[in-house]
Amino acid sequence: MRSALRRVLPCAHWLPGQNMRYTPHTRFDNNSTLTLHSMNEAETKFTIERIESIQRRTLSLACFRTTRHADFRFTPGHYARLGLGHDSDVVWRPYSIASAANSGHLEFQITLVPGGAFSELFAKAEIGDTIRVDRRCFGFLTLDQLASGGSLWLLATGTGLAPFLSIIADAATWARHTRVILVHSVRHAAELMPDAIDTAVSHLPESERQRLSVISIVTRESAPDALGARLGILIQSGALEKKAGLCLDPSGSRVMLCGNPEMIREVRQLLKDRGFAAGRRGTPGQFSAEGYWQR
Ligand SMILES: Cc1cc2nc3c(=O)[nH]c(=O)nc-3n(C[C@H](O)[C@H](O)[C@H](O)COP(=O)(O)OP(=O)(O)OC[C@H]3O[C@@H](n4cnc5c(N)ncnc54)[C@H](O)[C@@H]3O)c2cc1C
Ligand SMILES: NC(=O)c1ccc[n+]([C@@H]2O[C@H](COP(=O)([O-])OP(=O)(O)OC[C@H]3O[C@@H](n4cnc5c(N)ncnc54)[C@H](OP(=O)(O)O)[C@@H]3O)[C@@H](O)[C@H]2O)c1
């Protein structure tokens, strides 16, 4: 079965801007998940899940939860490809998985982009609607891309927070790293998600929760306790390290970047200037990054 799948679907990393459309012929079993009776090509690629909850946090930001197929496996930091739309015209996009690897559901965060094909379909979605989930998951924003040890800095803009929620919920993160500094940059305070961060670590022992520092950045209004400038500026000025009470250096720090590709380009350069190296050909490095769209 696995080799048959490989022949049909050579494993590929999803690149921003590559969007796929499938023409599925779907069947449902009792819990609304696609069953593999005839196993035609489309059916081997995805399952059909159900949207269980939608939390519309602002006009352009939502969190949602779906059912999870029993066979769906992922590593914290991975993204899934989701499909919305009618059978003949499904729009597929990648979304980072925000839920814990051992959760019975899948959780996602979505920025609704005006005029975006998936965004417009999602804006009309309701609880109980179906959503396609590619059986495979992807990505390099996983702990095994980084050398273990030291402090783990997780730097996110917007919904780039999502994979980091899954990572901080994972016991392996706390076994590998002494401290975790989660930095979330948003335009407006309403886009911060302290509740989602609290929920992600709520099952961890107190001793591990104390090793997490959360730093909020709000760039387009003033907000209590939040820094007020872009990540690159805060790194250059030393304000981010001051707030964390830790040095951002390659000997004692590992960094993951996720979200706005301009932020990633700028911060990646700053890290390289400080001597940080990305992982290469299976050799773990000191930073890794995932941009959500093409610059
Ligand atoms: C690996 C990967 C993981 C991703 N994970 C997430 C995620 O967890 N949550 C999420 O909201 N998006 C995520 N995205 C982006 C997502 O796949 C879609 O591109 C986005 O939801 C817009 O889709 P669309 O069809 O509505 O608009 P499109 O026509 O595909 O996009 C239109 C434009 O909107 C802008 N844009 C796209 N995504 C975002 C975004 N997230 N924030 C701000 N501006 C954006 C870009 O300028 C893009 O060119 C991810 C992308 C990649 C490559
Ligand atoms: N957030 C909203 O209120 C809003 C409203 C309507 C529509 N939208 C749609 O959503 C899309 C994305 O909005 P978003 O707010 O999720 O994502 P975003 O534009 O990437 O902004 C998220 C955070 O990233 C910061 N940022 C942007 N570029 C950066 C860089 N080069 N270096 C460091 N930090 C950087 C932003 O700071 P800055 O504030 O300095 O840019 C902000 O703090 C928009 O393009 C729009 O289509 C959003």
# chains A, B, ... in the order shown; residues from 1 in each chain; ligands from 1
$ residues_around --residues "Ile127 (chain A)" --least-positions-apart "2" --cutoff "10 Å" --atoms "only C-alpha atoms" --output "count of residues only"
11
$ residues_near_ligand --ligand "ligand 1" --cutoff "7 Å" --atoms "only C-alpha atoms and all ligand atoms" --output "mmCIF file with N, CA and C atoms, in the first residue's frame"
data_model
loop_
_atom_site.group_PDB
_atom_site.id
_atom_site.type_symbol
_atom_site.label_atom_id
_atom_site.label_comp_id
_atom_site.auth_asym_id
_atom_site.auth_seq_id
_atom_site.Cartn_x
_atom_site.Cartn_y
_atom_site.Cartn_z
ATOM 1 N N TRP A 14 5.663 20.809 0.476
ATOM 2 C CA TRP A 14 4.724 21.785 -0.078
ATOM 3 C C TRP A 14 5.408 23.134 -0.153
ATOM 4 N N LEU A 15 5.359 23.749 -1.328
ATOM 5 C CA LEU A 15 5.946 25.072 -1.468
ATOM 6 C C LEU A 15 4.834 26.099 -1.496
ATOM 7 N N PRO A 16 5.038 27.253 -0.829
ATOM 8 C CA PRO A 16 4.004 28.283 -0.881
ATOM 9 C C PRO A 16 3.654 28.589 -2.326
ATOM 10 N N GLY A 17 2.386 28.724 -2.602
ATOM 11 C CA GLY A 17 1.968 29.048 -3.955
ATOM 12 C C GLY A 17 1.584 27.830 -4.775
ATOM 13 N N TYR A 79 2.587 20.635 9.086
ATOM 14 C CA TYR A 79 1.351 21.197 8.578
ATOM 15 C C TYR A 79 0.596 20.153 7.772
ATOM 16 N N ARG A 93 -5.117 24.129 0.619
ATOM 17 C CA ARG A 93 -4.072 25.006 1.157
ATOM 18 C C ARG A 93 -3.408 24.319 2.350
ATOM 19 N N PRO A 94 -2.137 24.635 2.600
ATOM 20 C CA PRO A 94 -1.475 24.091 3.790
ATOM 21 C C PRO A 94 -1.780 24.895 5.050
ATOM 22 N N TYR A 95 -1.997 24.210 6.156
ATOM 23 C CA TYR A 95 -2.222 24.875 7.458
ATOM 24 C C TYR A 95 -1.463 24.123 8.548
ATOM 25 N N SER A 96 -0.734 24.869 9.363
ATOM 26 C CA SER A 96 0.004 24.270 10.474
ATOM 27 C C SER A 96 -0.974 23.674 11.479
ATOM 28 N N ILE A 97 -0.597 22.554 12.025
ATOM 29 C CA ILE A 97 -1.461 21.899 13.014
ATOM 30 C C ILE A 97 -1.130 22.476 14.391
ATOM 31 N N PHE A 108 -6.601 24.184 14.092
ATOM 32 C CA PHE A 108 -5.916 25.072 13.150
ATOM 33 C C PHE A 108 -6.257 26.517 13.493
ATOM 34 N N GLN A 109 -5.405 27.421 13.004
ATOM 35 C CA GLN A 109 -5.687 28.867 13.081
ATOM 36 C C GLN A 109 -5.629 29.390 11.658
ATOM 37 N N ILE A 110 -6.541 30.273 11.322
ATOM 38 C CA ILE A 110 -6.544 30.786 9.947
ATOM 39 C C ILE A 110 -6.689 32.308 9.926
ATOM 40 N N THR A 111 -5.804 32.944 9.153
ATOM 41 C CA THR A 111 -5.961 34.366 8.844
ATOM 42 C C THR A 111 -6.821 34.443 7.595
ATOM 43 N N LEU A 112 -7.908 35.178 7.672
ATOM 44 C CA LEU A 112 -8.783 35.286 6.503
ATOM 45 C C LEU A 112 -8.293 36.435 5.633
ATOM 46 N N VAL A 113 -7.762 36.062 4.487
ATOM 47 C CA VAL A 113 -7.174 37.039 3.573
ATOM 48 C C VAL A 113 -8.260 37.515 2.607
ATOM 49 N N GLY A 115 -10.304 38.240 -0.441
ATOM 50 C CA GLY A 115 -10.162 37.790 -1.829
ATOM 51 C C GLY A 115 -9.477 36.442 -1.972
ATOM 52 N N GLY A 116 -8.937 35.884 -0.888
ATOM 53 C CA GLY A 116 -8.264 34.580 -0.964
ATOM 54 C C GLY A 116 -9.280 33.469 -1.173
ATOM 55 N N ALA A 117 -8.956 32.518 -2.045
ATOM 56 C CA ALA A 117 -9.943 31.484 -2.409
ATOM 57 C C ALA A 117 -10.334 30.638 -1.196
ATOM 58 N N PHE A 118 -9.349 30.163 -0.452
ATOM 59 C CA PHE A 118 -9.678 29.323 0.709
ATOM 60 C C PHE A 118 -10.346 30.169 1.794
ATOM 61 N N SER A 119 -9.815 31.391 1.991
ATOM 62 C CA SER A 119 -10.369 32.272 3.033
ATOM 63 C C SER A 119 -11.855 32.516 2.803
ATOM 64 N N GLU A 120 -12.213 32.737 1.541
ATOM 65 C CA GLU A 120 -13.620 33.048 1.250
ATOM 66 C C GLU A 120 -14.506 31.828 1.488
ATOM 67 N N GLY A 139 6.618 19.188 6.477
ATOM 68 C CA GLY A 139 7.262 20.343 7.094
ATOM 69 C C GLY A 139 8.582 20.050 7.763
ATOM 70 N N GLY A 158 1.535 36.485 13.465
ATOM 71 C CA GLY A 158 0.172 36.072 13.107
ATOM 72 C C GLY A 158 -0.096 34.618 13.447
ATOM 73 N N THR A 159 -0.690 33.902 12.474
ATOM 74 C CA THR A 159 -1.030 32.494 12.713
ATOM 75 C C THR A 159 0.195 31.584 12.663
ATOM 76 N N GLY A 160 1.372 32.165 12.492
ATOM 77 C CA GLY A 160 2.623 31.409 12.666
ATOM 78 C C GLY A 160 2.754 30.864 14.082
ATOM 79 N N ALA A 162 0.591 28.876 15.352
ATOM 80 C CA ALA A 162 -0.069 27.560 15.405
ATOM 81 C C ALA A 162 0.897 26.383 15.630
ATOM 82 N N GLY A 259 5.734 32.217 9.917
ATOM 83 C CA GLY A 259 4.734 33.230 9.577
ATOM 84 C C GLY A 259 5.122 34.056 8.378
ATOM 85 N N ASN A 260 5.175 35.372 8.582
ATOM 86 C CA ASN A 260 5.402 36.333 7.494
ATOM 87 C C ASN A 260 6.789 36.117 6.858
ATOM 88 N N GLU A 290 9.707 28.524 8.568
ATOM 89 C CA GLU A 290 8.637 28.197 7.620
ATOM 90 C C GLU A 290 7.832 29.457 7.298
ATOM 91 N N GLY A 291 7.913 29.886 6.035
ATOM 92 C CA GLY A 291 7.150 31.053 5.589
ATOM 93 C C GLY A 291 5.789 30.620 5.078
ATOM 94 N N TYR A 292 4.776 31.457 5.283
ATOM 95 C CA TYR A 292 3.401 31.081 4.947
ATOM 96 C C TYR A 292 2.990 31.471 3.529
ATOM 97 N N TRP A 293 3.729 32.338 2.902
ATOM 98 C CA TRP A 293 3.433 32.644 1.507
ATOM 99 C C TRP A 293 4.707 33.127 0.852
ATOM 100 N N GLN A 294 4.639 33.313 -0.472
ATOM 101 C CA GLN A 294 5.839 33.742 -1.183
ATOM 102 C C GLN A 294 5.963 35.252 -1.116
#
$ residues_around --residues "region 202-218 of chain A" --least-positions-apart "6" --cutoff "6 Å" --atoms "only C-alpha atoms" --output "list in words"
Arg179, Val180, Ile181, Leu182, Val183, His184, Ser185, Val186, Arg187, His188, Ala189, Ala226, Leu227 and Gly228 of chain A
$ closest_residue --among "A:Ala156, A:Ala169, A:Cys247, A:Ile48" --to "ligand 2" --atoms "only C-alpha atoms and all ligand atoms"
A:Ala156
$ closest_residue --among "A:Ala289, A:Ala277, A:Met193, A:Leu143" --to "Leu61 (chain A)" --atoms "only C-alpha atoms"
A:Met193
$ residues_around --residues "Gln286 (chain A)" --least-positions-apart "5" --cutoff "10 Å" --atoms "only C-alpha atoms" --output "NGL selection string"
:A and (145-148 or 150 or 152 or 249-256 or 271-272 or 275-279)
$ write_last_selection --atoms "N, CA and C atoms" --output "PDB file, in the first residue's frame"
ATOM      1  N   GLN A 145      14.969  18.968  13.486  1.00  0.00           N
ATOM      2  CA  GLN A 145      15.764  19.823  12.603  1.00  0.00           C
ATOM      3  C   GLN A 145      16.797  20.626  13.386  1.00  0.00           C
ATOM      4  N   LEU A 146      16.649  20.632  14.715  1.00  0.00           N
ATOM      5  CA  LEU A 146      17.512  21.456  15.560  1.00  0.00           C
ATOM      6  C   LEU A 146      18.374  20.584  16.459  1.00  0.00           C
ATOM      7  N   ALA A 147      19.605  21.054  16.699  1.00  0.00           N
ATOM      8  CA  ALA A 147      20.441  20.376  17.693  1.00  0.00           C
ATOM      9  C   ALA A 147      19.725  20.485  19.042  1.00  0.00           C
ATOM     10  N   SER A 148      19.780  19.424  19.816  1.00  0.00           N
ATOM     11  CA  SER A 148      19.057  19.501  21.101  1.00  0.00           C
ATOM     12  C   SER A 148      19.873  20.324  22.104  1.00  0.00           C
ATOM     13  N   GLY A 150      19.988  23.659  25.160  1.00  0.00           N
ATOM     14  CA  GLY A 150      19.876  25.115  25.150  1.00  0.00           C
ATOM     15  C   GLY A 150      18.433  25.592  25.226  1.00  0.00           C
ATOM     16  N   LEU A 152      15.060  27.214  23.594  1.00  0.00           N
ATOM     17  CA  LEU A 152      14.366  27.171  22.307  1.00  0.00           C
ATOM     18  C   LEU A 152      13.547  28.450  22.153  1.00  0.00           C
ATOM     19  N   ASP A 249      22.190  33.510  21.422  1.00  0.00           N
ATOM     20  CA  ASP A 249      23.480  33.224  20.777  1.00  0.00           C
ATOM     21  C   ASP A 249      23.509  31.764  20.337  1.00  0.00           C
ATOM     22  N   PRO A 250      24.323  31.449  19.327  1.00  0.00           N
ATOM     23  CA  PRO A 250      24.264  30.102  18.751  1.00  0.00           C
ATOM     24  C   PRO A 250      24.731  29.003  19.693  1.00  0.00           C
ATOM     25  N   SER A 251      25.529  29.340  20.695  1.00  0.00           N
ATOM     26  CA  SER A 251      26.006  28.268  21.579  1.00  0.00           C
ATOM     27  C   SER A 251      24.892  27.784  22.509  1.00  0.00           C
ATOM     28  N   GLY A 252      23.995  28.724  22.920  1.00  0.00           N
ATOM     29  CA  GLY A 252      22.992  28.308  23.902  1.00  0.00           C
ATOM     30  C   GLY A 252      21.560  28.435  23.430  1.00  0.00           C
ATOM     31  N   SER A 253      21.355  28.753  22.144  1.00  0.00           N
ATOM     32  CA  SER A 253      19.975  28.996  21.681  1.00  0.00           C
ATOM     33  C   SER A 253      19.671  28.221  20.397  1.00  0.00           C
ATOM     34  N   ARG A 254      18.431  27.814  20.284  1.00  0.00           N
ATOM     35  CA  ARG A 254      17.904  27.238  19.030  1.00  0.00           C
ATOM     36  C   ARG A 254      16.690  28.082  18.684  1.00  0.00           C
ATOM     37  N   VAL A 255      16.475  28.314  17.382  1.00  0.00           N
ATOM     38  CA  VAL A 255      15.411  29.243  16.992  1.00  0.00           C
ATOM     39  C   VAL A 255      14.533  28.628  15.904  1.00  0.00           C
ATOM     40  N   MET A 256      13.239  28.796  16.053  1.00  0.00           N
ATOM     41  CA  MET A 256      12.294  28.464  14.976  1.00  0.00           C
ATOM     42  C   MET A 256      11.529  29.738  14.617  1.00  0.00           C
ATOM     43  N   LEU A 271      20.213  36.267  12.376  1.00  0.00           N
ATOM     44  CA  LEU A 271      20.730  35.077  13.059  1.00  0.00           C
ATOM     45  C   LEU A 271      22.046  34.632  12.426  1.00  0.00           C
ATOM     46  N   LYS A 272      22.081  34.637  11.093  1.00  0.00           N
ATOM     47  CA  LYS A 272      23.325  34.236  10.409  1.00  0.00           C
ATOM     48  C   LYS A 272      24.463  35.173  10.806  1.00  0.00           C
ATOM     49  N   GLY A 275      26.066  34.083  13.783  1.00  0.00           N
ATOM     50  CA  GLY A 275      26.744  32.783  13.748  1.00  0.00           C
ATOM     51  C   GLY A 275      25.821  31.586  13.807  1.00  0.00           C
ATOM     52  N   PHE A 276      24.505  31.807  13.729  1.00  0.00           N
ATOM     53  CA  PHE A 276      23.556  30.675  13.699  1.00  0.00           C
ATOM     54  C   PHE A 276      23.620  29.996  12.325  1.00  0.00           C
ATOM     55  N   ALA A 277      23.457  28.676  12.309  1.00  0.00           N
ATOM     56  CA  ALA A 277      23.447  27.932  11.041  1.00  0.00           C
ATOM     57  C   ALA A 277      22.168  27.117  10.935  1.00  0.00           C
ATOM     58  N   ALA A 278      21.615  27.050   9.726  1.00  0.00           N
ATOM     59  CA  ALA A 278      20.439  26.192   9.492  1.00  0.00           C
ATOM     60  C   ALA A 278      20.902  24.744   9.383  1.00  0.00           C
ATOM     61  N   GLY A 279      20.009  23.804   9.665  1.00  0.00           N
ATOM     62  CA  GLY A 279      20.345  22.391   9.494  1.00  0.00           C
ATOM     63  C   GLY A 279      20.537  22.072   8.012  1.00  0.00           C
TER      64      GLY A 279
END
$ closest_residue --among "A:Arg73, A:Arg295, A:His78, A:Arg274" --to "ligand 2" --atoms "only C-alpha atoms and all ligand atoms"
A:Arg295
$ atom_distance --atom1 "CA of Asp87 (chain A)" --atom2 "CA of Arg132 (chain A)"
10.3 Å
$ select_by_dssp --residues "region 58-118 of chain A" --states "strand (DSSP E or B)" --output "ChimeraX atom specification"
/A:58,61-67,79-84,91-96,105-111
$ atom_distance --atom1 "CA of Thr199 (chain A)" --atom2 "CA of Arg68 (chain A)"
19.0 Å
$ select_by_dssp --residues "region 17-202 of chain A" --states "alpha helix (DSSP H)" --output "number ranges by chain"
A: 41-45, 117-123, 162-168, 171-176, 194-201
$ write_last_selection --atoms "C-alpha atoms" --output "PDB file, in the first residue's frame"
ATOM      1  CA  GLU A  41      -6.501   7.560  -6.488  1.00  0.00           C
ATOM      2  CA  ALA A  42      -8.315  10.466  -4.834  1.00  0.00           C
ATOM      3  CA  GLU A  43      -9.459   8.360  -1.897  1.00  0.00           C
ATOM      4  CA  THR A  44      -5.916   7.329  -1.038  1.00  0.00           C
ATOM      5  CA  LYS A  45      -4.909  10.968  -0.705  1.00  0.00           C
ATOM      6  CA  ALA A 117      -9.943  31.484  -2.409  1.00  0.00           C
ATOM      7  CA  PHE A 118      -9.678  29.323   0.709  1.00  0.00           C
ATOM      8  CA  SER A 119     -10.369  32.272   3.033  1.00  0.00           C
ATOM      9  CA  GLU A 120     -13.620  33.048   1.250  1.00  0.00           C
ATOM     10  CA  LEU A 121     -14.755  29.428   1.443  1.00  0.00           C
ATOM     11  CA  PHE A 122     -13.807  29.250   5.116  1.00  0.00           C
ATOM     12  CA  ALA A 123     -15.670  32.482   5.889  1.00  0.00           C
ATOM     13  CA  ALA A 162      -0.069  27.560  15.405  1.00  0.00           C
ATOM     14  CA  PRO A 163       2.800  25.041  15.028  1.00  0.00           C
ATOM     15  CA  PHE A 164       4.393  26.362  18.199  1.00  0.00           C
ATOM     16  CA  LEU A 165       1.271  25.527  20.214  1.00  0.00           C
ATOM     17  CA  SER A 166       1.689  21.916  19.159  1.00  0.00           C
ATOM     18  CA  ILE A 167       5.420  22.045  19.944  1.00  0.00           C
ATOM     19  CA  ILE A 168       5.025  23.478  23.455  1.00  0.00           C
ATOM     20  CA  ALA A 171       6.789  16.496  26.307  1.00  0.00           C
ATOM     21  CA  ALA A 172       9.789  15.966  23.967  1.00  0.00           C
ATOM     22  CA  THR A 173      10.269  19.736  23.743  1.00  0.00           C
ATOM     23  CA  TRP A 174      10.750  19.995  27.476  1.00  0.00           C
ATOM     24  CA  ALA A 175      13.100  17.025  27.553  1.00  0.00           C
ATOM     25  CA  ARG A 176      15.317  18.575  24.862  1.00  0.00           C
ATOM     26  CA  PRO A 194      -2.888  33.811  25.678  1.00  0.00           C
ATOM     27  CA  ASP A 195      -5.793  31.413  26.244  1.00  0.00           C
ATOM     28  CA  ALA A 196      -4.585  29.050  23.483  1.00  0.00           C
ATOM     29  CA  ILE A 197      -1.049  29.142  24.899  1.00  0.00           C
ATOM     30  CA  ASP A 198      -2.341  28.365  28.400  1.00  0.00           C
ATOM     31  CA  THR A 199      -4.430  25.479  27.085  1.00  0.00           C
ATOM     32  CA  ALA A 200      -1.498  24.032  25.141  1.00  0.00           C
ATOM     33  CA  VAL A 201       0.628  23.687  28.285  1.00  0.00           C
TER      34      VAL A 201
END
$ closest_residue --among "A:Glu107, A:Arg136, A:Gly85, A:Glu221" --to "Asp71 (chain A)" --atoms "only C-alpha atoms"
A:Arg136
$ residues_around --residues "Arg135 (chain A)" --least-positions-apart "4" --cutoff "7 Å" --atoms "only C-alpha atoms" --output "PDB file with C-alpha atoms, in the first residue's frame"
ATOM      1  CA  LYS A  45      -4.909  10.968  -0.705  1.00  0.00           C
ATOM      2  CA  PHE A  46      -7.248  12.393   1.891  1.00  0.00           C
ATOM      3  CA  THR A  47      -9.924  11.744   4.460  1.00  0.00           C
ATOM      4  CA  PHE A  72      -3.540  10.431  10.794  1.00  0.00           C
TER       5      PHE A  72
END
$ closest_residue --among "A:Ser88, A:Thr142, A:Gln236, A:Ser103" --to "ligand 2" --atoms "only C-alpha atoms and all ligand atoms"
A:Gln236
$ closest_residue --among "A:Asp89, A:Glu49, A:Asp144, A:Glu191" --to "ligand 2" --atoms "only C-alpha atoms and all ligand atoms"
A:Glu191
